[in-house]
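Chemist: Please find input10.pdb (PDB, C-alpha atoms) on the next line:
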```pdb
ATOM      1  CA  MET A   1      -0.883  10.421 -10.655  1.00  0.00           C
ATOM      2  CA  ASP A   2       2.732  10.399 -11.821  1.00  0.00           C
ATOM      3  CA  GLU A   3       2.097  13.489 -13.930  1.00  0.00           C
ATOM      4  CA  LEU A   4       0.518  15.308 -10.972  1.00  0.00           C
ATOM      5  CA  ALA A   5       3.498  14.365  -8.800  1.00  0.00           C
ATOM      6  CA  ARG A   6       5.979  15.589 -11.453  1.00  0.00           C
ATOM      7  CA  HIS A   7       4.262  18.969 -11.427  1.00  0.00           C
ATOM      8  CA  ARG A   8       4.095  18.973  -7.618  1.00  0.00           C
ATOM      9  CA  LEU A   9       0.321  19.265  -7.638  1.00  0.00           C
ATOM     10  CA  ILE A  10      -0.161  16.620  -4.942  1.00  0.00           C
ATOM     11  CA  LYS A  11       1.195  16.234  -1.448  1.00  0.00           C
ATOM     12  CA  PRO A  12       4.166  13.896  -2.020  1.00  0.00           C
ATOM     13  CA  GLU A  13       3.490  11.643   0.966  1.00  0.00           C
ATOM     14  CA  THR A  14      -0.139  10.949   0.026  1.00  0.00           C
ATOM     15  CA  PRO A  15      -0.337   8.963  -3.234  1.00  0.00           C
ATOM     16  CA  THR A  16      -1.970   5.633  -2.465  1.00  0.00           C
ATOM     17  CA  ASP A  17      -3.181   2.843  -4.703  1.00  0.00           C
ATOM     18  CA  LEU A  18      -6.737   2.863  -3.393  1.00  0.00           C
ATOM     19  CA  VAL A  19      -8.344   0.027  -5.350  1.00  0.00           C
ATOM     20  CA  GLY A  20      -7.742  -2.089  -8.387  1.00  0.00           C
ATOM     21  CA  ASN A  21      -9.879  -3.878 -10.896  1.00  0.00           C
ATOM     22  CA  ARG A  22      -9.855  -7.095 -12.892  1.00  0.00           C
ATOM     23  CA  LEU A  23     -10.305  -7.727 -16.574  1.00  0.00           C
ATOM     24  CA  VAL A  24     -13.045 -10.271 -17.252  1.00  0.00           C
ATOM     25  CA  LEU A  25     -14.812 -12.045 -20.074  1.00  0.00           C
ATOM     26  CA  ILE A  26     -18.602 -11.867 -19.922  1.00  0.00           C
ATOM     27  CA  ALA A  27     -21.461 -13.638 -21.674  1.00  0.00           C
ATOM     28  CA  ARG A  28     -25.206 -13.853 -21.118  1.00  0.00           C
ATOM     29  CA  LYS A  29     -26.285 -15.283 -17.796  1.00  0.00           C
ATOM     30  CA  GLY A  30     -26.213 -19.086 -17.851  1.00  0.00           C
ATOM     31  CA  ALA A  31     -23.178 -19.336 -20.149  1.00  0.00           C
ATOM     32  CA  GLU A  32     -20.516 -21.898 -19.316  1.00  0.00           C
ATOM     33  CA  PRO A  33     -17.344 -20.673 -17.567  1.00  0.00           C
ATOM     34  CA  VAL A  34     -14.065 -20.718 -19.478  1.00  0.00           C
ATOM     35  CA  VAL A  35     -10.488 -21.002 -18.352  1.00  0.00           C
ATOM     36  CA  ILE A  36      -8.456 -18.137 -19.760  1.00  0.00           C
ATOM     37  CA  VAL A  37      -5.002 -19.468 -20.595  1.00  0.00           C
ATOM     38  CA  PRO A  38      -2.596 -18.856 -23.486  1.00  0.00           C
ATOM     39  CA  GLY A  39      -4.214 -19.892 -26.751  1.00  0.00           C
ATOM     40  CA  PHE A  40      -7.717 -20.442 -25.321  1.00  0.00           C
ATOM     41  CA  PRO A  41     -10.293 -20.619 -28.154  1.00  0.00           C
ATOM     42  CA  LEU A  42     -11.916 -17.199 -27.797  1.00  0.00           C
ATOM     43  CA  ALA A  43     -12.489 -16.827 -31.551  1.00  0.00           C
ATOM     44  CA  ARG A  44     -14.418 -20.119 -31.576  1.00  0.00           C
ATOM     45  CA  LEU A  45     -16.371 -19.147 -28.449  1.00  0.00           C
ATOM     46  CA  VAL A  46     -17.387 -15.818 -29.986  1.00  0.00           C
ATOM     47  CA  GLY A  47     -18.446 -17.540 -33.206  1.00  0.00           C
ATOM     48  CA  ALA A  48     -19.659 -15.015 -35.766  1.00  0.00           C
ATOM     49  CA  GLY A  49     -19.259 -12.399 -33.059  1.00  0.00           C
ATOM     50  CA  PRO A  50     -18.855  -9.717 -32.345  1.00  0.00           C
ATOM     51  CA  LEU A  51     -16.576  -9.550 -29.317  1.00  0.00           C
ATOM     52  CA  ALA A  52     -17.503  -6.266 -27.649  1.00  0.00           C
ATOM     53  CA  MET A  53     -14.701  -4.283 -26.035  1.00  0.00           C
ATOM     54  CA  CYS A  54     -13.491  -0.734 -25.812  1.00  0.00           C
ATOM     55  CA  ASP A  55     -11.269   0.661 -28.538  1.00  0.00           C
ATOM     56  CA  PRO A  56      -7.620   0.022 -27.579  1.00  0.00           C
ATOM     57  CA  ASP A  57      -6.641   3.357 -29.139  1.00  0.00           C
ATOM     58  CA  SER A  58      -8.994   5.449 -27.020  1.00  0.00           C
ATOM     59  CA  HIS A  59      -9.976   3.706 -23.759  1.00  0.00           C
ATOM     60  CA  PRO A  60      -7.962   2.107 -20.945  1.00  0.00           C
ATOM     61  CA  ALA A  61     -10.260  -0.945 -20.851  1.00  0.00           C
ATOM     62  CA  GLY A  62      -9.497  -1.534 -24.523  1.00  0.00           C
ATOM     63  CA  ARG A  63      -5.751  -1.163 -23.959  1.00  0.00           C
ATOM     64  CA  TYR A  64      -5.842  -3.686 -21.106  1.00  0.00           C
ATOM     65  CA  ALA A  65      -7.972  -6.077 -23.174  1.00  0.00           C
ATOM     66  CA  LYS A  66      -5.721  -5.909 -26.231  1.00  0.00           C
ATOM     67  CA  ALA A  67      -2.582  -6.301 -24.108  1.00  0.00           C
ATOM     68  CA  SER A  68      -4.037  -9.411 -22.505  1.00  0.00           C
ATOM     69  CA  LEU A  69      -5.238 -10.914 -25.775  1.00  0.00           C
ATOM     70  CA  VAL A  70      -1.820 -10.268 -27.341  1.00  0.00           C
ATOM     71  CA  LYS A  71       0.003 -11.849 -24.396  1.00  0.00           C
ATOM     72  CA  LEU A  72      -2.335 -14.859 -24.544  1.00  0.00           C
ATOM     73  CA  GLY A  73      -1.496 -15.225 -28.243  1.00  0.00           C
ATOM     74  CA  ILE A  74      -5.052 -14.826 -29.501  1.00  0.00           C
ATOM     75  CA  TRP A  75      -5.348 -11.176 -30.578  1.00  0.00           C
ATOM     76  CA  ARG A  76      -4.793 -11.964 -34.262  1.00  0.00           C
ATOM     77  CA  ASN A  77      -7.562 -14.605 -34.114  1.00  0.00           C
ATOM     78  CA  VAL A  78     -10.178 -12.258 -32.646  1.00  0.00           C
ATOM     79  CA  GLU A  79      -9.116  -8.820 -33.890  1.00  0.00           C
ATOM     80  CA  ARG A  80     -11.463  -8.931 -36.903  1.00  0.00           C
ATOM     81  CA  LYS A  81     -14.371  -9.925 -34.653  1.00  0.00           C
ATOM     82  CA  VAL A  82     -13.994  -6.988 -32.260  1.00  0.00           C
ATOM     83  CA  ALA A  83     -16.800  -4.447 -32.102  1.00  0.00           C
ATOM     84  CA  SER A  84     -15.260  -1.352 -30.540  1.00  0.00           C
ATOM     85  CA  VAL A  85     -17.435   0.538 -28.086  1.00  0.00           C
ATOM     86  CA  ASP A  86     -16.902   3.839 -26.299  1.00  0.00           C
ATOM     87  CA  ASP A  87     -17.396   2.570 -22.765  1.00  0.00           C
ATOM     88  CA  PRO A  88     -17.279  -0.799 -20.955  1.00  0.00           C
ATOM     89  CA  LEU A  89     -20.902  -0.331 -19.860  1.00  0.00           C
ATOM     90  CA  VAL A  90     -21.912  -0.254 -23.533  1.00  0.00           C
ATOM     91  CA  ALA A  91     -20.119  -3.590 -24.013  1.00  0.00           C
ATOM     92  CA  VAL A  92     -22.024  -4.994 -21.021  1.00  0.00           C
ATOM     93  CA  LYS A  93     -25.335  -3.819 -22.511  1.00  0.00           C
ATOM     94  CA  ASN A  94     -24.410  -5.327 -25.894  1.00  0.00           C
ATOM     95  CA  VAL A  95     -24.043  -8.722 -24.231  1.00  0.00           C
ATOM     96  CA  ALA A  96     -27.134  -8.279 -22.038  1.00  0.00           C
ATOM     97  CA  ARG A  97     -29.286  -7.473 -25.102  1.00  0.00           C
ATOM     98  CA  GLY A  98     -27.787 -10.309 -27.149  1.00  0.00           C
ATOM     99  CA  ASP A  99     -26.085  -7.972 -29.642  1.00  0.00           C
ATOM    100  CA  ALA A 100     -22.722  -9.584 -28.828  1.00  0.00           C
ATOM    101  CA  PRO A 101     -22.121 -13.064 -27.427  1.00  0.00           C
ATOM    102  CA  MET A 102     -19.166 -11.957 -25.310  1.00  0.00           C
ATOM    103  CA  ALA A 103     -17.291  -8.883 -24.139  1.00  0.00           C
ATOM    104  CA  VAL A 104     -14.056  -8.026 -22.380  1.00  0.00           C
ATOM    105  CA  VAL A 105     -14.689  -5.470 -19.621  1.00  0.00           C
ATOM    106  CA  PHE A 106     -13.680  -4.507 -16.103  1.00  0.00           C
ATOM    107  CA  ALA A 107     -15.202  -6.664 -13.354  1.00  0.00           C
ATOM    108  CA  THR A 108     -16.874  -3.629 -11.802  1.00  0.00           C
ATOM    109  CA  ASP A 109     -18.719  -2.959 -15.059  1.00  0.00           C
ATOM    110  CA  ALA A 110     -19.708  -6.611 -15.483  1.00  0.00           C
ATOM    111  CA  LEU A 111     -21.373  -6.596 -12.081  1.00  0.00           C
ATOM    112  CA  THR A 112     -23.753  -3.784 -13.086  1.00  0.00           C
ATOM    113  CA  ASP A 113     -26.119  -5.944 -15.124  1.00  0.00           C
ATOM    114  CA  PRO A 114     -27.790  -9.118 -13.809  1.00  0.00           C
ATOM    115  CA  ALA A 115     -28.363 -10.356 -17.385  1.00  0.00           C
ATOM    116  CA  VAL A 116     -24.647 -11.059 -17.867  1.00  0.00           C
ATOM    117  CA  ALA A 117     -22.257 -13.444 -16.186  1.00  0.00           C
ATOM    118  CA  ILE A 118     -18.528 -13.333 -15.715  1.00  0.00           C
ATOM    119  CA  VAL A 119     -17.358 -16.481 -17.469  1.00  0.00           C
ATOM    120  CA  GLY A 120     -13.628 -15.948 -17.020  1.00  0.00           C
ATOM    121  CA  THR A 121     -11.058 -13.701 -15.380  1.00  0.00           C
ATOM    122  CA  PHE A 122      -7.957 -12.711 -17.344  1.00  0.00           C
ATOM    123  CA  PRO A 123      -4.729 -13.512 -15.485  1.00  0.00           C
ATOM    124  CA  SER A 124      -3.314 -10.328 -13.974  1.00  0.00           C
ATOM    125  CA  ASP A 125       0.102 -10.986 -15.513  1.00  0.00           C
ATOM    126  CA  THR A 126      -1.309 -10.659 -19.046  1.00  0.00           C
ATOM    127  CA  HIS A 127      -1.996  -6.931 -18.861  1.00  0.00           C
ATOM    128  CA  PRO A 128      -0.768  -3.831 -17.024  1.00  0.00           C
ATOM    129  CA  ARG A 129      -1.882  -3.538 -13.440  1.00  0.00           C
ATOM    130  CA  ILE A 130      -5.360  -1.976 -13.171  1.00  0.00           C
ATOM    131  CA  VAL A 131      -5.167   0.437 -10.275  1.00  0.00           C
ATOM    132  CA  TYR A 132      -6.946   3.612  -9.191  1.00  0.00           C
ATOM    133  CA  PRO A 133      -4.716   5.869  -7.111  1.00  0.00           C
ATOM    134  CA  VAL A 134      -5.774   8.684  -4.819  1.00  0.00           C
ATOM    135  CA  ALA A 135      -3.847  11.610  -3.302  1.00  0.00           C
ATOM    136  CA  LEU A 136      -4.385  14.941  -1.624  1.00  0.00           C
ATOM    137  CA  LEU A 137      -3.864  18.061  -3.714  1.00  0.00           C
ATOM    138  CA  ALA A 138      -0.889  20.135  -2.665  1.00  0.00           C
ATOM    139  CA  GLN A 139      -2.907  23.357  -2.508  1.00  0.00           C
ATOM    140  CA  SER A 140      -5.884  21.910  -0.654  1.00  0.00           C
ATOM    141  CA  ARG A 141      -6.720  23.743   2.547  1.00  0.00           C
ATOM    142  CA  ASN A 142     -10.043  21.986   3.068  1.00  0.00           C
ATOM    143  CA  PRO A 143      -9.957  19.983   6.332  1.00  0.00           C
ATOM    144  CA  GLU A 144     -12.746  17.759   4.976  1.00  0.00           C
ATOM    145  CA  ALA A 145     -10.401  16.568   2.207  1.00  0.00           C
ATOM    146  CA  VAL A 146      -8.148  14.847   4.754  1.00  0.00           C
ATOM    147  CA  LYS A 147     -11.162  13.259   6.460  1.00  0.00           C
ATOM    148  CA  PHE A 148     -12.508  11.989   3.146  1.00  0.00           C
ATOM    149  CA  PHE A 149      -9.051  10.733   2.107  1.00  0.00           C
ATOM    150  CA  ASP A 150      -8.786   8.810   5.384  1.00  0.00           C
ATOM    151  CA  TYR A 151     -12.306   7.429   4.971  1.00  0.00           C
ATOM    152  CA  LEU A 152     -11.491   6.120   1.479  1.00  0.00           C
ATOM    153  CA  LYS A 153      -8.699   4.021   3.019  1.00  0.00           C
ATOM    154  CA  SER A 154     -10.834   2.784   5.934  1.00  0.00           C
ATOM    155  CA  PRO A 155     -12.212  -0.741   6.431  1.00  0.00           C
ATOM    156  CA  ALA A 156     -15.755   0.623   5.913  1.00  0.00           C
ATOM    157  CA  ALA A 157     -14.873   2.051   2.500  1.00  0.00           C
ATOM    158  CA  ARG A 158     -12.914  -1.089   1.522  1.00  0.00           C
ATOM    159  CA  SER A 159     -16.051  -3.113   2.261  1.00  0.00           C
ATOM    160  CA  VAL A 160     -18.082  -0.918  -0.107  1.00  0.00           C
ATOM    161  CA  PHE A 161     -15.402  -1.141  -2.800  1.00  0.00           C
ATOM    162  CA  ARG A 162     -15.314  -4.950  -2.529  1.00  0.00           C
ATOM    163  CA  LYS A 163     -19.125  -5.148  -2.884  1.00  0.00           C
ATOM    164  CA  LEU A 164     -18.826  -3.133  -6.092  1.00  0.00           C
ATOM    165  CA  GLY A 165     -16.239  -5.586  -7.456  1.00  0.00           C
ATOM    166  CA  TYR A 166     -13.074  -3.605  -6.861  1.00  0.00           C
ATOM    167  CA  VAL A 167      -9.906  -5.260  -5.671  1.00  0.00           C
ATOM    168  CA  THR A 168      -8.690  -3.866  -2.382  1.00  0.00           C
ATOM    169  CA  PRO A 169      -5.274  -4.383  -0.785  1.00  0.00           C
ATOM    170  CA  THR A 170      -6.634  -7.363   1.149  1.00  0.00           C
ATOM    171  CA  LEU A 171      -7.794  -9.245  -1.984  1.00  0.00           C
ATOM    172  CA  GLN A 172      -5.620 -11.092  -4.463  1.00  0.00           C
ATOM    173  CA  LEU A 173      -5.836 -10.011  -8.095  1.00  0.00           C
ATOM    174  CA  ASP A 174      -6.052 -13.518  -9.512  1.00  0.00           C
ATOM    175  CA  ARG A 175      -8.948 -14.617  -7.324  1.00  0.00           C
ATOM    176  CA  PRO A 176     -12.035 -15.226  -9.519  1.00  0.00           C
ATOM    177  CA  VAL A 177     -14.717 -12.553  -9.463  1.00  0.00           C
ATOM    178  CA  LYS A 178     -18.104 -13.665  -8.168  1.00  0.00           C
ATOM    179  CA  ARG A 179     -21.413 -11.858  -8.494  1.00  0.00           C
ATOM    180  CA  ARG A 180     -22.630 -10.637  -5.144  1.00  0.00           C
TER     181      ARG A 180
END
```
Is it possible to give me this structure as structure tokens?

Modeler:
Amino acid sequence: MDELARHRLIKPETPTDLVGNRLVLIARKGAEPVVIVPGFPLARLVGAGPLAMCDPDSHPAGRYAKASLVKLGIWRNVERKVASVDDPLVAVKNVARGDAPMAVVFATDALTDPAVAIVGTFPSDTHPRIVYPVALLAQSRNPEAVKFFDYLKSPAARSVFRKLGYVTPTLQLDRPVKRR
């Protein structure tokens, strides 16, 4: 969004942080919850592994996960157990099929498969803010674009976003994620 604004490709008064997301630890359904705090024993919990997560060099979910694990002081303990995947949904499927005991993914991805459970939520101060902005394009002349933009910010749309696991302006980032 910042890059679009620098090039004046969006209407300057319209950028809005529409929704956010949370970073979570998942395991197979029925697994015990964990408290994610500095130094928590993720390497022991993963056992022989692997810990599925996106590649920190090529995917935002991986960058958020690595940042959090570094801040929690446990990256060096789990780095060799990480199985890098291309997409958080692949990490979810790895856990659902039993190919990985745990994964670090976005909450919205975790909620897509009933075979997995969110066992912990990473504190929001351990990684960059996960936010999805929206804005109107500067050159847009489509009157429907303004209507859709307004709808996305409406209570009706916020309700849909919350059901899908997104954080909306009325929810706190550190509140635990629950399956709906």

Chemist: What do you get, as a VMD selection string, if you spell out every residue that the PyMOL selection byres ((chain A and resi 79) around 10) selects here?

Modeler: chain A and resid 43 50 to 51 66 69 to 70 74 to 78 80 to 83

Chemist: Just say which residues the PyMOL selection byres ((chain A and resi 14) around 8) picks in this file, as a list in words.

Modeler: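 Checking the PyMOL selection byres ((chain A and resi 14) around 8) against this file, the residues are Ile10, Lys11, Pro12, Glu13, Pro15, Thr16, Val134, Ala135 and Leu136 of chain A.
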
Chemist: Which one of A:Ala156, A:Ala103, A:Ala61, A:Leu9 sits closest to Leu42 of chain A if you count all atoms listed in the file?

Modeler: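 Residue with the minimum atom-to-atom distance to Leu42 of chain A: A:Ala103.
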
Chemist: Can you pull out every residue within 12 Å of Ala110 of chain A, counting all atoms listed in the file, but drop anything in the same chain fewer than 2 positions away, and send it as JSON, numbers by chain?

Modeler: {"A": [21, 22, 23, 24, 25, 26, 27, 28, 29, 53, 87, 88, 89, 90, 91, 92, 93, 94, 95, 96, 102, 103, 104, 105, 106, 107, 108, 112, 113, 114, 115, 116, 117, 118, 119, 120, 121, 164, 165, 166, 177, 178, 179, 180]}

Chemist: Between A:Cys54, A:Val167, A:Met1, A:Leu152, which has the minimum distance to Pro133 of chain A (counting only C-alpha atoms)?

Modeler: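 The closest residue to Pro133 of chain A is A:Met1.
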
Chemist: Here's a test: counting all atoms listed in the file, identify every protein, DNA and RNA residue with an atom at most 6 Å from (-7.6, -1.9, -10.7) in the file's coordinate frame, and state them as a ChimeraX atom specification.

Modeler: /A:19-21,130-132

Chemist: Have a look at atom CA of Pro41 of chain A and atom CA of Pro123 of chain A and let me know their distance in Å, one decimal.

Modeler: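 Going from atom CA of Pro41 of chain A over to atom CA of Pro123 of chain A, I get 15.6 Å.
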
Chemist: Rounded to one decimal in Å, what is the spacing between atom CA of Val160 of chain A and atom CA of Phe148 of chain A?

Modeler: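 Straight-line distance from atom CA of Val160 of chain A to atom CA of Phe148 of chain A works out to 14.4 Å.
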
Chemist: Convert the output of the PyMOL selection byres ((chain A and resi 128) around 10) on the shown file into explicit residues, formatted as a PyMOL selection string.

Modeler: chain A and resi 63-65+67-68+124-127+129-131

Chemist: Would you save the residues of that selection, restricted to C-alpha atoms, as a compact mmCIF listing (two decimals), in the frame of the given file?

Modeler:
```
# COMPACT_ATOMS: atom_id res chain seq x y z
CA ARG A 63 -5.75 -1.16 -23.96
CA TYR A 64 -5.84 -3.69 -21.11
CA ALA A 65 -7.97 -6.08 -23.17
CA ALA A 67 -2.58 -6.30 -24.11
CA SER A 68 -4.04 -9.41 -22.50
CA SER A 124 -3.31 -10.33 -13.97
CA ASP A 125 0.10 -10.99 -15.51
CA THR A 126 -1.31 -10.66 -19.05
CA HIS A 127 -2.00 -6.93 -18.86
CA ARG A 129 -1.88 -3.54 -13.44
CA ILE A 130 -5.36 -1.98 -13.17
CA VAL A 131 -5.17 0.44 -10.28
```

Chemist: Do you have the atom CA of Val85 of chain A-atom CA of Asp55 of chain A distance handy?

Modeler: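 Computed distance, atom CA of Val85 of chain A to atom CA of Asp55 of chain A, equals 6.2 Å.
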
Chemist: Counting all atoms listed in the file, figure out which residue out of A:Gly98, A:Asp86, A:Val46, A:Leu18 gets nearest to Phe149 of chain A.

Modeler: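 With all atoms listed in the file as the atom set, the closest residue is A:Leu18.
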